Amino acid sequence: MTGSVWDQHTVTLPAYRRGLHDITTAVDGVVSGSEVTTGLCHVFVQHTSASLLIQENADPDVLRDLGDWFARVVPDGDPRYRHSAEGPDDMSAHIRSALTQTSLTLPIARGHLALGTWQGLYLFEHRTSPHRRRLVITTMGVAQSSTAGAT
Amino acid sequence: MTGSVWDQHTVTLPAYRRGLHDITTAVDGVVSGSEVTTGLCHVFVQHTSASLLIQENADPDVLRDLGDWFARVVPDGDPRYRHSAEGPDDMSAHIRSALTQTSLTLPIARGHLALGTWQGLYLFEHRTSPHRRRLVITTMGVAQSSTAGAT
Amino acid sequence: MTGSVWDQHTVTLPAYRRGLHDITTAVDGVVSGSEVTTGLCHVFVQHTSASLLIQENADPDVLRDLGDWFARVVPDGDPRYRHSAEGPDDMSAHIRSALTQTSLTLPIARGHLALGTWQGLYLFEHRTSPHRRRLVITTMGVAQSSTAGAT
């Protein structure tokens with residue numbers, strides 16, 4: 001398949017509290033609104049105290065256990081942190097971001113995100129007070145018309 | 001260089017047991033089978049209890065030490081896990097996936113993966129019993145003919 | 001927007017000591033030197049004991065706290081490591097790489113990296129003695145001329 005269609009959008013999410021928030025539908029809406037039928041979707045969060053993650057979308061206990069693990073291994077308010085300008089959750093937020101993803105690239109097939117059955121796309125908010133986060137979503141790939149033309 | 005060629009394949013891997021399994025040759029086979037000579041290869045695992053990793057391919061002790069580190073820091077059967085429907089390795093598998101990669105993008109040069117000398121591409125199976133995992137591999141870039149045309 | 005321009009460069013960085021080193025300007029120079037105005041920039045480090053990270057670029061304490069966290073959770077010279085051929089920082093370097101990124105994909109908008117205000121792109125050197133690291137930087141997207149043509 002040849003030819004490429006590119007699209008780029010900035011999306012500002014609602015203010016979410018600490019934890020994992022499912023943004024699969026929001027991102028898939030951008031994908032299905034683009035002309036791309038086979039290609040890739042790149043999602044980038046323009047912040048260093050929130051990140052992106054693919055996780056299990058069936059049992060909400062998975063998301064809680066994941067949050068608990070980070071709370072144990074990357075604790076808030078560790079007295080050894082030098083950087084605490086914005087509170088006890090400031091430095092822990094940066095470390096948790098470093099351990100997860102600032103950008104994710106996902107396959108597009110038949111005009112939609114080609115996730116597995118149990119996969120959801122999550123914004124992982126690391127600050128305790130809600131923040132509005134900005135995503136840059138870039139879609140690229142082959143458009144239906146190009147595919148048809150190539151047949 | 002202008003023009004783009006896109007290709008997308010779904011590949012089901014053999015059932016691997018817990019640990020790191022070298023899939024460099026399998027993925028490079030898809031790359032060399034595509035027309036792309038300069039571009040990118042995107043590999044996506046459609047599961048949340050297996051992940052992808054670039055690691056040292058020379059000394060198998062590196063892979064064992066890496067597995068041991070995860071066993072210590074993200075233990076199986078932690079009594080604090082709420083989610084244990086599929087056994088003691090269920091929740092640890094999700095956390096280990098979150099700390100590594102669900103998708104990897106790799107450069108293609110001269111029709112092959114442009115990895116460093118000591119880099120291998122691994123499927124990191126986190127479940128103790130073997131599972132068959134599905135990858136979506138997308139290649140994109142410039143084809144030899146386009147490059148030739150641009151000269 | 002249709003049409004695609006591809007560009008790929010290998011860049012060898014100066015020899016950096018252990019820690020995070022800001023490479024935003026170097027990578028953005030490659031982006032602005034390419035014709036791409038809207039698209040993606042892929043950065044790949046061809047090594048398994050150095051990695052890539054997006055982090056806060058304002059307070060250098062963030063980078064020191066991040067280094068300290070890795071020193072505590074992924075210690076050098078752990079007697080349980082089997083792999084120590086190149087010294088006490090050998091295996092810890094591989095684990096730290098596994099927990100961060102070997103490749104990063106970043107959005108390009110208006111001919112530059114579209115990072116958030118407080119985001120910097122860092123090479124994370126994990127070895128104590130300085131090493132020269134090789135990056136493969138691939139830019140792809142729509143060129144100004146194509147955009148103009150599409151209007």
# chains A, B, ... in the order shown; residues from 1 in each chain; ligands from 1
>>> calpha_fit_and_write(fixed="chain B", moving="chain C", output="tab-separated table (two decimals) with N, CA and C atoms, in the first residue's frame")
chain	number	residue	atom	x	y	z
C	1	MET	N	14.03	12.16	0.74
C	1	MET	CA	13.33	11.01	0.18
C	1	MET	C	11.84	11.19	0.37
C	2	THR	N	11.08	10.96	-0.68
C	2	THR	CA	9.63	11.12	-0.57
C	2	THR	C	8.92	9.82	-0.92
C	3	GLY	N	7.61	9.80	-0.67
C	3	GLY	CA	6.83	8.59	-0.95
C	3	GLY	C	6.87	7.67	0.23
C	4	SER	N	5.81	6.88	0.42
C	4	SER	CA	5.75	6.00	1.57
C	4	SER	C	5.12	4.68	1.20
C	5	VAL	N	5.67	3.62	1.73
C	5	VAL	CA	5.08	2.30	1.59
C	5	VAL	C	4.67	1.83	2.97
C	6	TRP	N	3.47	1.29	3.10
C	6	TRP	CA	2.96	0.79	4.37
C	6	TRP	C	2.65	-0.69	4.27
C	7	ASP	N	2.90	-1.39	5.34
C	7	ASP	CA	2.61	-2.81	5.37
C	7	ASP	C	2.24	-3.17	6.82
C	8	GLN	N	1.26	-4.05	6.98
C	8	GLN	CA	0.86	-4.43	8.34
C	8	GLN	C	0.55	-5.93	8.40
C	9	HIS	N	1.17	-6.60	9.36
C	9	HIS	CA	0.98	-8.05	9.53
C	9	HIS	C	0.65	-8.38	10.97
C	10	THR	N	-0.18	-9.40	11.14
C	10	THR	CA	-0.39	-9.97	12.47
C	10	THR	C	0.39	-11.27	12.55
C	11	VAL	N	1.22	-11.40	13.57
C	11	VAL	CA	2.07	-12.58	13.74
C	11	VAL	C	1.75	-13.21	15.09
C	12	THR	N	1.47	-14.49	15.10
C	12	THR	CA	1.26	-15.18	16.38
C	12	THR	C	2.53	-15.97	16.72
C	13	LEU	N	3.08	-15.67	17.87
C	13	LEU	CA	4.34	-16.30	18.29
C	13	LEU	C	4.08	-17.69	18.87
C	14	PRO	N	5.11	-18.53	18.94
C	14	PRO	CA	4.97	-19.81	19.64
C	14	PRO	C	4.65	-19.54	21.12
C	15	ALA	N	4.14	-20.54	21.82
C	15	ALA	CA	3.84	-20.39	23.25
C	15	ALA	C	5.15	-20.40	24.04
C	16	TYR	N	5.48	-19.27	24.64
C	16	TYR	CA	6.72	-19.15	25.41
C	16	TYR	C	6.43	-19.22	26.90
C	17	ARG	N	7.36	-19.76	27.66
C	17	ARG	CA	7.26	-19.75	29.11
C	17	ARG	C	7.76	-18.40	29.65
C	18	ARG	N	7.58	-18.16	30.93
C	18	ARG	CA	8.02	-16.90	31.55
C	18	ARG	C	9.49	-16.61	31.22
C	19	GLY	N	9.76	-15.37	30.90
C	19	GLY	CA	11.13	-14.97	30.60
C	19	GLY	C	11.23	-14.21	29.30
C	20	LEU	N	12.45	-13.90	28.90
C	20	LEU	CA	12.71	-13.13	27.69
C	20	LEU	C	13.04	-14.05	26.53
C	21	HIS	N	12.39	-13.83	25.39
C	21	HIS	CA	12.55	-14.69	24.22
C	21	HIS	C	12.90	-13.83	23.01
C	22	ASP	N	14.01	-14.15	22.39
C	22	ASP	CA	14.53	-13.33	21.28
C	22	ASP	C	13.64	-13.46	20.05
C	23	ILE	N	13.04	-12.35	19.61
C	23	ILE	CA	12.19	-12.37	18.42
C	23	ILE	C	12.78	-11.49	17.31
C	24	THR	N	14.06	-11.16	17.43
C	24	THR	CA	14.70	-10.27	16.45
C	24	THR	C	14.59	-10.83	15.04
C	25	THR	N	14.92	-12.11	14.88
C	25	THR	CA	14.93	-12.71	13.53
C	25	THR	C	13.52	-12.73	12.93
C	26	ALA	N	12.54	-13.06	13.77
C	26	ALA	CA	11.16	-13.11	13.28
C	26	ALA	C	10.71	-11.73	12.80
C	27	VAL	N	11.00	-10.70	13.58
C	27	VAL	CA	10.56	-9.36	13.20
C	27	VAL	C	11.37	-8.84	12.01
C	28	ASP	N	12.67	-9.10	12.01
C	28	ASP	CA	13.49	-8.66	10.88
C	28	ASP	C	13.06	-9.36	9.58
C	29	GLY	N	12.54	-10.57	9.71
C	29	GLY	CA	12.03	-11.27	8.52
C	29	GLY	C	10.83	-10.53	7.91
C	30	VAL	N	9.98	-9.98	8.76
C	30	VAL	CA	8.86	-9.18	8.26
C	30	VAL	C	9.38	-7.91	7.59
C	31	VAL	N	10.40	-7.30	8.20
C	31	VAL	CA	10.97	-6.06	7.64
C	31	VAL	C	11.59	-6.34	6.27
C	32	SER	N	12.40	-7.39	6.19
C	32	SER	CA	13.09	-7.64	4.91
C	32	SER	C	12.11	-8.13	3.85
C	33	GLY	N	10.97	-8.68	4.28
C	33	GLY	CA	9.93	-9.08	3.34
C	33	GLY	C	9.09	-7.92	2.83
C	34	SER	N	9.21	-6.77	3.50
C	34	SER	CA	8.47	-5.59	3.02
C	34	SER	C	9.35	-4.85	2.02
C	35	GLU	N	8.79	-3.83	1.36
C	35	GLU	CA	9.58	-3.10	0.37
C	35	GLU	C	10.39	-1.96	1.01
C	36	VAL	N	10.16	-1.72	2.31
C	36	VAL	CA	10.77	-0.55	2.95
C	36	VAL	C	12.29	-0.71	3.08
C	37	THR	N	13.03	0.28	2.62
C	37	THR	CA	14.49	0.24	2.80
C	37	THR	C	14.95	1.22	3.88
C	38	THR	N	14.28	2.37	3.98
C	38	THR	CA	14.58	3.34	5.03
C	38	THR	C	13.26	3.73	5.68
C	39	GLY	N	13.16	3.53	6.99
C	39	GLY	CA	11.90	3.87	7.63
C	39	GLY	C	11.82	3.36	9.04
C	40	LEU	N	10.64	2.92	9.45
C	40	LEU	CA	10.42	2.46	10.82
C	40	LEU	C	9.61	1.17	10.83
C	41	CYS	N	9.86	0.39	11.87
C	41	CYS	CA	9.09	-0.82	12.12
C	41	CYS	C	8.45	-0.69	13.50
C	42	HIS	N	7.14	-0.82	13.56
C	42	HIS	CA	6.42	-0.71	14.83
C	42	HIS	C	5.91	-2.09	15.22
C	43	VAL	N	6.23	-2.50	16.44
C	43	VAL	CA	5.81	-3.81	16.94
C	43	VAL	C	4.91	-3.59	18.15
C	44	PHE	N	3.75	-4.21	18.13
C	44	PHE	CA	2.76	-4.01	19.19
C	44	PHE	C	2.28	-5.36	19.69
C	45	VAL	N	2.32	-5.58	20.99
C	45	VAL	CA	1.82	-6.84	21.55
C	45	VAL	C	0.41	-6.62	22.09
C	46	GLN	N	-0.55	-7.41	21.62
C	46	GLN	CA	-1.97	-7.17	21.95
C	46	GLN	C	-2.38	-7.82	23.26
C	47	HIS	N	-1.53	-7.75	24.27
C	47	HIS	CA	-1.79	-8.37	25.57
C	47	HIS	C	-1.27	-7.49	26.69
C	48	THR	N	-1.77	-7.74	27.91
C	48	THR	CA	-1.34	-6.92	29.05
C	48	THR	C	-0.59	-7.74	30.10
C	49	SER	N	-0.20	-8.97	29.74
C	49	SER	CA	0.65	-9.73	30.67
C	49	SER	C	1.87	-10.30	29.95
C	50	ALA	N	2.23	-9.67	28.84
C	50	ALA	CA	3.49	-9.92	28.13
C	50	ALA	C	3.89	-8.58	27.54
C	51	SER	N	5.19	-8.35	27.38
C	51	SER	CA	5.61	-7.04	26.87
C	51	SER	C	6.82	-7.19	25.96
C	52	LEU	N	7.35	-6.06	25.53
C	52	LEU	CA	8.48	-6.03	24.59
C	52	LEU	C	9.64	-5.30	25.23
C	53	LEU	N	10.86	-5.68	24.82
C	53	LEU	CA	12.04	-5.07	25.42
C	53	LEU	C	13.21	-5.22	24.46
C	54	ILE	N	14.03	-4.17	24.40
C	54	ILE	CA	15.34	-4.26	23.75
C	54	ILE	C	16.33	-4.59	24.87
C	55	GLN	N	17.12	-5.63	24.70
C	55	GLN	CA	18.13	-5.94	25.71
C	55	GLN	C	19.41	-6.49	25.10
C	56	GLU	N	20.39	-6.64	25.91
C	56	GLU	CA	21.69	-7.20	25.54
C	56	GLU	C	21.50	-8.62	25.04
C	57	ASN	N	22.12	-8.94	23.90
C	57	ASN	CA	21.91	-10.25	23.29
C	57	ASN	C	23.12	-11.19	23.40
C	58	ALA	N	24.12	-10.78	24.20
C	58	ALA	CA	25.37	-11.55	24.21
C	58	ALA	C	25.42	-12.57	25.36
C	59	ASP	N	25.13	-12.11	26.57
C	59	ASP	CA	25.28	-12.96	27.75
C	59	ASP	C	23.90	-13.32	28.31
C	60	PRO	N	23.51	-14.58	28.25
C	60	PRO	CA	22.19	-14.97	28.76
C	60	PRO	C	21.99	-14.66	30.25
C	61	ASP	N	23.10	-14.45	30.99
C	61	ASP	CA	22.97	-14.07	32.40
C	61	ASP	C	22.25	-12.73	32.57
C	62	VAL	N	22.40	-11.85	31.58
C	62	VAL	CA	21.70	-10.55	31.65
C	62	VAL	C	20.20	-10.79	31.73
C	63	LEU	N	19.71	-11.70	30.92
C	63	LEU	CA	18.27	-11.96	30.88
C	63	LEU	C	17.80	-12.60	32.19
C	64	ARG	N	18.64	-13.46	32.77
C	64	ARG	CA	18.27	-14.09	34.04
C	64	ARG	C	18.30	-13.08	35.18
C	65	ASP	N	19.32	-12.22	35.19
C	65	ASP	CA	19.40	-11.19	36.24
C	65	ASP	C	18.21	-10.23	36.14
C	66	LEU	N	17.82	-9.93	34.91
C	66	LEU	CA	16.68	-9.03	34.71
C	66	LEU	C	15.40	-9.69	35.25
C	67	GLY	N	15.21	-10.95	34.95
C	67	GLY	CA	14.05	-11.67	35.48
C	67	GLY	C	14.06	-11.70	37.00
C	68	ASP	N	15.23	-11.90	37.59
C	68	ASP	CA	15.34	-11.94	39.06
C	68	ASP	C	14.99	-10.59	39.68
C	69	TRP	N	15.43	-9.52	39.03
C	69	TRP	CA	15.14	-8.18	39.57
C	69	TRP	C	13.62	-7.96	39.60
C	70	PHE	N	12.95	-8.32	38.52
C	70	PHE	CA	11.49	-8.16	38.50
C	70	PHE	C	10.84	-9.05	39.55
C	71	ALA	N	11.38	-10.26	39.76
C	71	ALA	CA	10.82	-11.16	40.78
C	71	ALA	C	10.94	-10.56	42.18
C	72	ARG	N	12.01	-9.80	42.43
C	72	ARG	CA	12.19	-9.19	43.75
C	72	ARG	C	11.32	-7.95	43.93
C	73	VAL	N	11.26	-7.10	42.90
C	73	VAL	CA	10.63	-5.78	43.06
C	73	VAL	C	9.13	-5.84	42.73
C	74	VAL	N	8.76	-6.76	41.87
C	74	VAL	CA	7.33	-6.96	41.53
C	74	VAL	C	7.01	-8.44	41.78
C	75	PRO	N	6.90	-8.82	43.07
C	75	PRO	CA	6.77	-10.25	43.41
C	75	PRO	C	5.43	-10.85	42.99
C	76	ASP	N	5.47	-12.13	42.69
C	76	ASP	CA	4.24	-12.90	42.51
C	76	ASP	C	3.54	-13.04	43.87
C	77	GLY	N	2.24	-13.15	43.83
C	77	GLY	CA	1.47	-13.55	45.01
C	77	GLY	C	1.55	-12.60	46.19
C	78	ASP	N	1.84	-11.34	45.96
C	78	ASP	CA	1.86	-10.37	47.06
C	78	ASP	C	0.46	-10.34	47.67
C	79	PRO	N	0.33	-10.58	49.01
C	79	PRO	CA	-1.00	-10.63	49.60
C	79	PRO	C	-1.76	-9.30	49.50
C	80	ARG	N	-1.05	-8.23	49.16
C	80	ARG	CA	-1.74	-6.94	49.02
C	80	ARG	C	-2.44	-6.79	47.68
C	81	TYR	N	-2.15	-7.66	46.71
C	81	TYR	CA	-2.87	-7.59	45.42
C	81	TYR	C	-4.33	-7.97	45.63
C	82	ARG	N	-5.24	-7.20	45.06
C	82	ARG	CA	-6.67	-7.55	45.06
C	82	ARG	C	-6.96	-8.51	43.89
C	83	HIS	N	-6.29	-8.25	42.76
C	83	HIS	CA	-6.56	-8.98	41.52
C	83	HIS	C	-5.69	-10.24	41.45
C	84	SER	N	-6.32	-11.41	41.59
C	84	SER	CA	-5.53	-12.65	41.55
C	84	SER	C	-6.34	-13.76	40.89
C	85	ALA	N	-7.32	-13.34	40.08
C	85	ALA	CA	-8.24	-14.30	39.45
C	85	ALA	C	-7.51	-15.43	38.74
C	86	GLU	N	-6.42	-15.11	38.06
C	86	GLU	CA	-5.74	-16.14	37.27
C	86	GLU	C	-4.50	-16.69	37.96
C	87	GLY	N	-4.36	-16.45	39.28
C	87	GLY	CA	-3.22	-17.02	40.00
C	87	GLY	C	-2.24	-15.98	40.51
C	88	PRO	N	-1.21	-16.45	41.23
C	88	PRO	CA	-0.24	-15.54	41.87
C	88	PRO	C	0.60	-14.73	40.88
C	89	ASP	N	0.67	-15.18	39.61
C	89	ASP	CA	1.46	-14.46	38.60
C	89	ASP	C	0.59	-13.52	37.76
C	90	ASP	N	-0.66	-13.31	38.13
C	90	ASP	CA	-1.58	-12.51	37.34
C	90	ASP	C	-1.28	-11.02	37.49
C	91	MET	N	-1.37	-10.51	38.72
C	91	MET	CA	-1.17	-9.07	38.91
C	91	MET	C	0.29	-8.68	38.69
C	92	SER	N	1.22	-9.53	39.12
C	92	SER	CA	2.64	-9.21	38.88
C	92	SER	C	2.90	-9.07	37.38
C	93	ALA	N	2.22	-9.89	36.58
C	93	ALA	CA	2.39	-9.81	35.12
C	93	ALA	C	1.94	-8.44	34.60
C	94	HIS	N	0.82	-7.92	35.13
C	94	HIS	CA	0.34	-6.62	34.67
C	94	HIS	C	1.31	-5.50	35.06
C	95	ILE	N	1.84	-5.57	36.28
C	95	ILE	CA	2.77	-4.51	36.72
C	95	ILE	C	4.07	-4.57	35.91
C	96	ARG	N	4.58	-5.78	35.69
C	96	ARG	CA	5.82	-5.92	34.90
C	96	ARG	C	5.62	-5.40	33.47
C	97	SER	N	4.42	-5.63	32.93
C	97	SER	CA	4.11	-5.08	31.60
C	97	SER	C	4.12	-3.55	31.63
C	98	ALA	N	3.53	-2.98	32.69
C	98	ALA	CA	3.46	-1.52	32.78
C	98	ALA	C	4.85	-0.89	32.85
C	99	LEU	N	5.81	-1.63	33.43
C	99	LEU	CA	7.16	-1.08	33.60
C	99	LEU	C	8.04	-1.29	32.38
C	100	THR	N	7.57	-2.10	31.44
C	100	THR	CA	8.34	-2.30	30.20
C	100	THR	C	7.50	-1.76	29.03
C	101	GLN	N	7.50	-2.38	27.85
C	101	GLN	CA	6.86	-1.75	26.71
C	101	GLN	C	5.78	-2.63	26.09
C	102	THR	N	4.65	-2.03	25.74
C	102	THR	CA	3.64	-2.73	24.95
C	102	THR	C	3.91	-2.53	23.47
C	103	SER	N	4.56	-1.43	23.13
C	103	SER	CA	4.91	-1.19	21.73
C	103	SER	C	6.32	-0.66	21.62
C	104	LEU	N	7.00	-1.05	20.56
C	104	LEU	CA	8.36	-0.58	20.30
C	104	LEU	C	8.44	-0.13	18.85
C	105	THR	N	9.10	0.99	18.62
C	105	THR	CA	9.34	1.45	17.26
C	105	THR	C	10.84	1.40	17.00
C	106	LEU	N	11.23	0.78	15.88
C	106	LEU	CA	12.64	0.55	15.59
C	106	LEU	C	12.98	1.11	14.21
C	107	PRO	N	14.17	1.67	14.06
C	107	PRO	CA	14.54	2.20	12.75
C	107	PRO	C	14.83	1.08	11.75
C	108	ILE	N	14.49	1.33	10.49
C	108	ILE	CA	14.85	0.44	9.38
C	108	ILE	C	15.87	1.18	8.51
C	109	ALA	N	16.99	0.52	8.23
C	109	ALA	CA	18.00	1.09	7.32
C	109	ALA	C	18.47	-0.03	6.41
C	110	ARG	N	18.63	0.27	5.14
C	110	ARG	CA	19.06	-0.74	4.14
C	110	ARG	C	18.20	-2.00	4.20
C	111	GLY	N	16.90	-1.82	4.47
C	111	GLY	CA	15.97	-2.95	4.43
C	111	GLY	C	15.96	-3.86	5.64
C	112	HIS	N	16.70	-3.48	6.70
C	112	HIS	CA	16.72	-4.30	7.92
C	112	HIS	C	16.59	-3.42	9.17
C	113	LEU	N	16.25	-4.05	10.30
C	113	LEU	CA	16.24	-3.35	11.58
C	113	LEU	C	17.64	-2.79	11.85
C	114	ALA	N	17.71	-1.52	12.21
C	114	ALA	CA	19.01	-0.89	12.47
C	114	ALA	C	19.33	-0.93	13.96
C	115	LEU	N	19.50	-2.14	14.49
C	115	LEU	CA	19.83	-2.30	15.91
C	115	LEU	C	21.33	-2.14	16.11
C	116	GLY	N	21.71	-1.79	17.34
C	116	GLY	CA	23.12	-1.78	17.70
C	116	GLY	C	23.64	-3.23	17.77
C	117	THR	N	24.95	-3.36	17.77
C	117	THR	CA	25.60	-4.67	17.75
C	117	THR	C	25.11	-5.60	18.86
C	118	TRP	N	24.89	-5.07	20.04
C	118	TRP	CA	24.55	-5.91	21.19
C	118	TRP	C	23.07	-5.88	21.54
C	119	GLN	N	22.26	-5.35	20.63
C	119	GLN	CA	20.83	-5.24	20.93
C	119	GLN	C	20.02	-6.37	20.32
C	120	GLY	N	19.15	-6.97	21.11
C	120	GLY	CA	18.18	-7.93	20.62
C	120	GLY	C	16.79	-7.45	20.99
C	121	LEU	N	15.80	-7.90	20.23
C	121	LEU	CA	14.40	-7.56	20.50
C	121	LEU	C	13.75	-8.78	21.16
C	122	TYR	N	13.16	-8.57	22.31
C	122	TYR	CA	12.64	-9.68	23.10
C	122	TYR	C	11.14	-9.55	23.39
C	123	LEU	N	10.46	-10.70	23.35
C	123	LEU	CA	9.15	-10.79	23.97
C	123	LEU	C	9.40	-11.17	25.42
C	124	PHE	N	8.80	-10.43	26.34
C	124	PHE	CA	8.96	-10.67	27.77
C	124	PHE	C	7.64	-11.29	28.25
C	125	GLU	N	7.65	-12.61	28.37
C	125	GLU	CA	6.44	-13.31	28.85
C	125	GLU	C	6.43	-13.26	30.37
C	126	HIS	N	5.31	-12.78	30.93
C	126	HIS	CA	5.24	-12.60	32.39
C	126	HIS	C	4.44	-13.70	33.08
C	127	ARG	N	3.67	-14.47	32.34
C	127	ARG	CA	2.90	-15.56	32.95
C	127	ARG	C	3.79	-16.81	33.07
C	128	THR	N	3.55	-17.60	34.12
C	128	THR	CA	4.39	-18.80	34.30
C	128	THR	C	4.02	-19.91	33.31
C	129	SER	N	2.73	-20.03	32.99
C	129	SER	CA	2.36	-21.05	32.00
C	129	SER	C	2.47	-20.43	30.60
C	130	PRO	N	2.92	-21.21	29.61
C	130	PRO	CA	3.15	-20.67	28.27
C	130	PRO	C	1.86	-20.15	27.62
C	131	HIS	N	1.98	-19.01	26.95
C	131	HIS	CA	0.86	-18.39	26.24
C	131	HIS	C	1.31	-18.06	24.82
C	132	ARG	N	0.38	-18.15	23.87
C	132	ARG	CA	0.67	-17.70	22.51
C	132	ARG	C	0.30	-16.23	22.41
C	133	ARG	N	1.24	-15.39	21.99
C	133	ARG	CA	1.01	-13.94	21.95
C	133	ARG	C	0.95	-13.44	20.52
C	134	ARG	N	0.05	-12.46	20.31
C	134	ARG	CA	-0.17	-11.90	18.99
C	134	ARG	C	0.51	-10.52	18.88
C	135	LEU	N	1.28	-10.36	17.82
C	135	LEU	CA	1.93	-9.08	17.52
C	135	LEU	C	1.29	-8.46	16.29
C	136	VAL	N	1.14	-7.15	16.29
C	136	VAL	CA	0.80	-6.42	15.07
C	136	VAL	C	2.07	-5.68	14.65
C	137	ILE	N	2.59	-6.00	13.49
C	137	ILE	CA	3.85	-5.41	13.02
C	137	ILE	C	3.54	-4.50	11.82
C	138	THR	N	3.86	-3.23	11.96
C	138	THR	CA	3.60	-2.26	10.90
C	138	THR	C	4.93	-1.72	10.41
C	139	THR	N	5.18	-1.81	9.12
C	139	THR	CA	6.40	-1.21	8.56
C	139	THR	C	5.99	-0.06	7.65
C	140	MET	N	6.81	0.99	7.66
C	140	MET	CA	6.48	2.16	6.84
C	140	MET	C	7.78	2.83	6.46
C	141	GLY	N	7.82	3.45	5.31
C	141	GLY	CA	9.02	4.16	4.91
C	141	GLY	C	9.15	4.24	3.41
C	142	VAL	N	10.38	4.46	2.99
C	142	VAL	CA	10.68	4.66	1.59
C	142	VAL	C	11.10	3.33	0.99
C	143	ALA	N	10.58	3.01	-0.19
C	143	ALA	CA	10.97	1.77	-0.88
C	143	ALA	C	12.15	2.05	-1.79
C	144	GLN	N	12.90	1.01	-2.07
C	144	GLN	CA	14.10	1.13	-2.89
C	144	GLN	C	13.79	1.88	-4.19
C	145	SER	N	12.68	1.50	-4.82
C	145	SER	CA	12.35	2.12	-6.10
C	145	SER	C	12.16	3.63	-5.96
C	146	SER	N	11.49	4.06	-4.88
C	146	SER	CA	11.29	5.51	-4.67
C	146	SER	C	12.64	6.19	-4.49
C	147	THR	N	13.53	5.54	-3.72
C	147	THR	CA	14.84	6.13	-3.48
C	147	THR	C	15.58	6.28	-4.81
C	148	ALA	N	15.51	5.21	-5.60
C	148	ALA	CA	16.18	5.25	-6.90
C	148	ALA	C	15.60	6.39	-7.74
C	149	GLY	N	14.26	6.51	-7.70
C	149	GLY	CA	13.61	7.55	-8.48
C	149	GLY	C	14.01	8.96	-8.04
C	150	ALA	N	14.37	9.08	-6.75
C	150	ALA	CA	14.68	10.40	-6.21
C	150	ALA	C	16.11	10.81	-6.51
C	151	THR	N	16.94	9.88	-6.93
C	151	THR	CA	18.36	10.18	-7.15
C	151	THR	C	18.54	11.05	-8.39
>>> select_by_dssp(residues="chain C", states="strand (DSSP E or B)", output="tab-separated table (two decimals) with C-alpha atoms, in the first residue's frame")
chain	number	residue	atom	x	y	z
C	2	THR	CA	-0.94	13.99	2.09
C	5	VAL	CA	9.09	13.13	3.49
C	6	TRP	CA	11.53	10.78	5.23
C	7	ASP	CA	14.95	11.53	6.59
C	8	GLN	CA	17.34	9.42	8.67
C	9	HIS	CA	20.56	10.44	10.41
C	10	THR	CA	23.04	8.76	12.70
C	11	VAL	CA	24.32	11.11	15.40
C	12	THR	CA	27.14	10.29	17.80
C	16	TYR	CA	28.67	11.73	28.88
C	19	GLY	CA	23.22	10.81	34.66
C	20	LEU	CA	20.72	12.67	32.51
C	21	HIS	CA	22.00	14.90	29.70
C	22	ASP	CA	19.74	17.29	27.80
C	36	VAL	CA	9.11	18.02	7.80
C	37	THR	CA	6.72	20.61	9.22
C	38	THR	CA	4.03	18.29	10.64
C	39	GLY	CA	4.91	14.74	11.58
C	40	LEU	CA	7.00	12.64	13.94
C	41	CYS	CA	10.59	12.36	15.06
C	42	HIS	CA	11.84	8.95	16.18
C	43	VAL	CA	14.99	8.75	18.30
C	44	PHE	CA	16.66	5.40	18.91
C	45	VAL	CA	19.73	4.71	21.04
C	50	ALA	CA	22.06	4.06	28.10
C	51	SER	CA	18.47	5.10	27.45
C	52	LEU	CA	16.16	7.98	26.59
C	53	LEU	CA	13.73	9.90	28.76
C	54	ILE	CA	11.43	12.91	28.67
C	55	GLN	CA	11.77	14.79	31.96
C	56	GLU	CA	11.26	18.13	33.66
C	101	GLN	CA	13.19	3.92	26.92
C	103	SER	CA	13.31	4.62	21.59
C	104	LEU	CA	11.14	7.70	21.81
C	105	THR	CA	8.73	9.10	19.25
C	106	LEU	CA	7.94	12.82	19.46
C	107	PRO	CA	5.47	14.97	17.55
C	108	ILE	CA	6.72	17.59	15.08
C	109	ALA	CA	4.61	20.73	14.60
C	112	HIS	CA	10.01	21.71	15.52
C	113	LEU	CA	9.58	19.16	18.31
C	119	GLN	CA	9.67	18.90	28.90
C	120	GLY	CA	13.24	18.15	27.91
C	121	LEU	CA	14.62	15.16	26.01
C	122	TYR	CA	17.44	13.42	27.85
C	123	LEU	CA	20.05	10.79	27.22
C	124	PHE	CA	20.23	8.74	30.42
C	125	GLU	CA	23.77	7.39	30.69
C	131	HIS	CA	30.70	6.51	26.79
C	134	ARG	CA	25.00	6.55	18.82
C	135	LEU	CA	21.47	7.70	18.00
C	136	VAL	CA	19.48	6.92	14.86
C	137	ILE	CA	17.09	9.83	14.28
C	138	THR	CA	14.29	9.36	11.75
C	139	THR	CA	11.97	12.21	10.80
C	140	MET	CA	8.85	11.70	8.73
C	141	GLY	CA	5.81	13.75	7.85
C	142	VAL	CA	4.44	16.43	5.62
C	143	ALA	CA	6.75	19.07	4.13
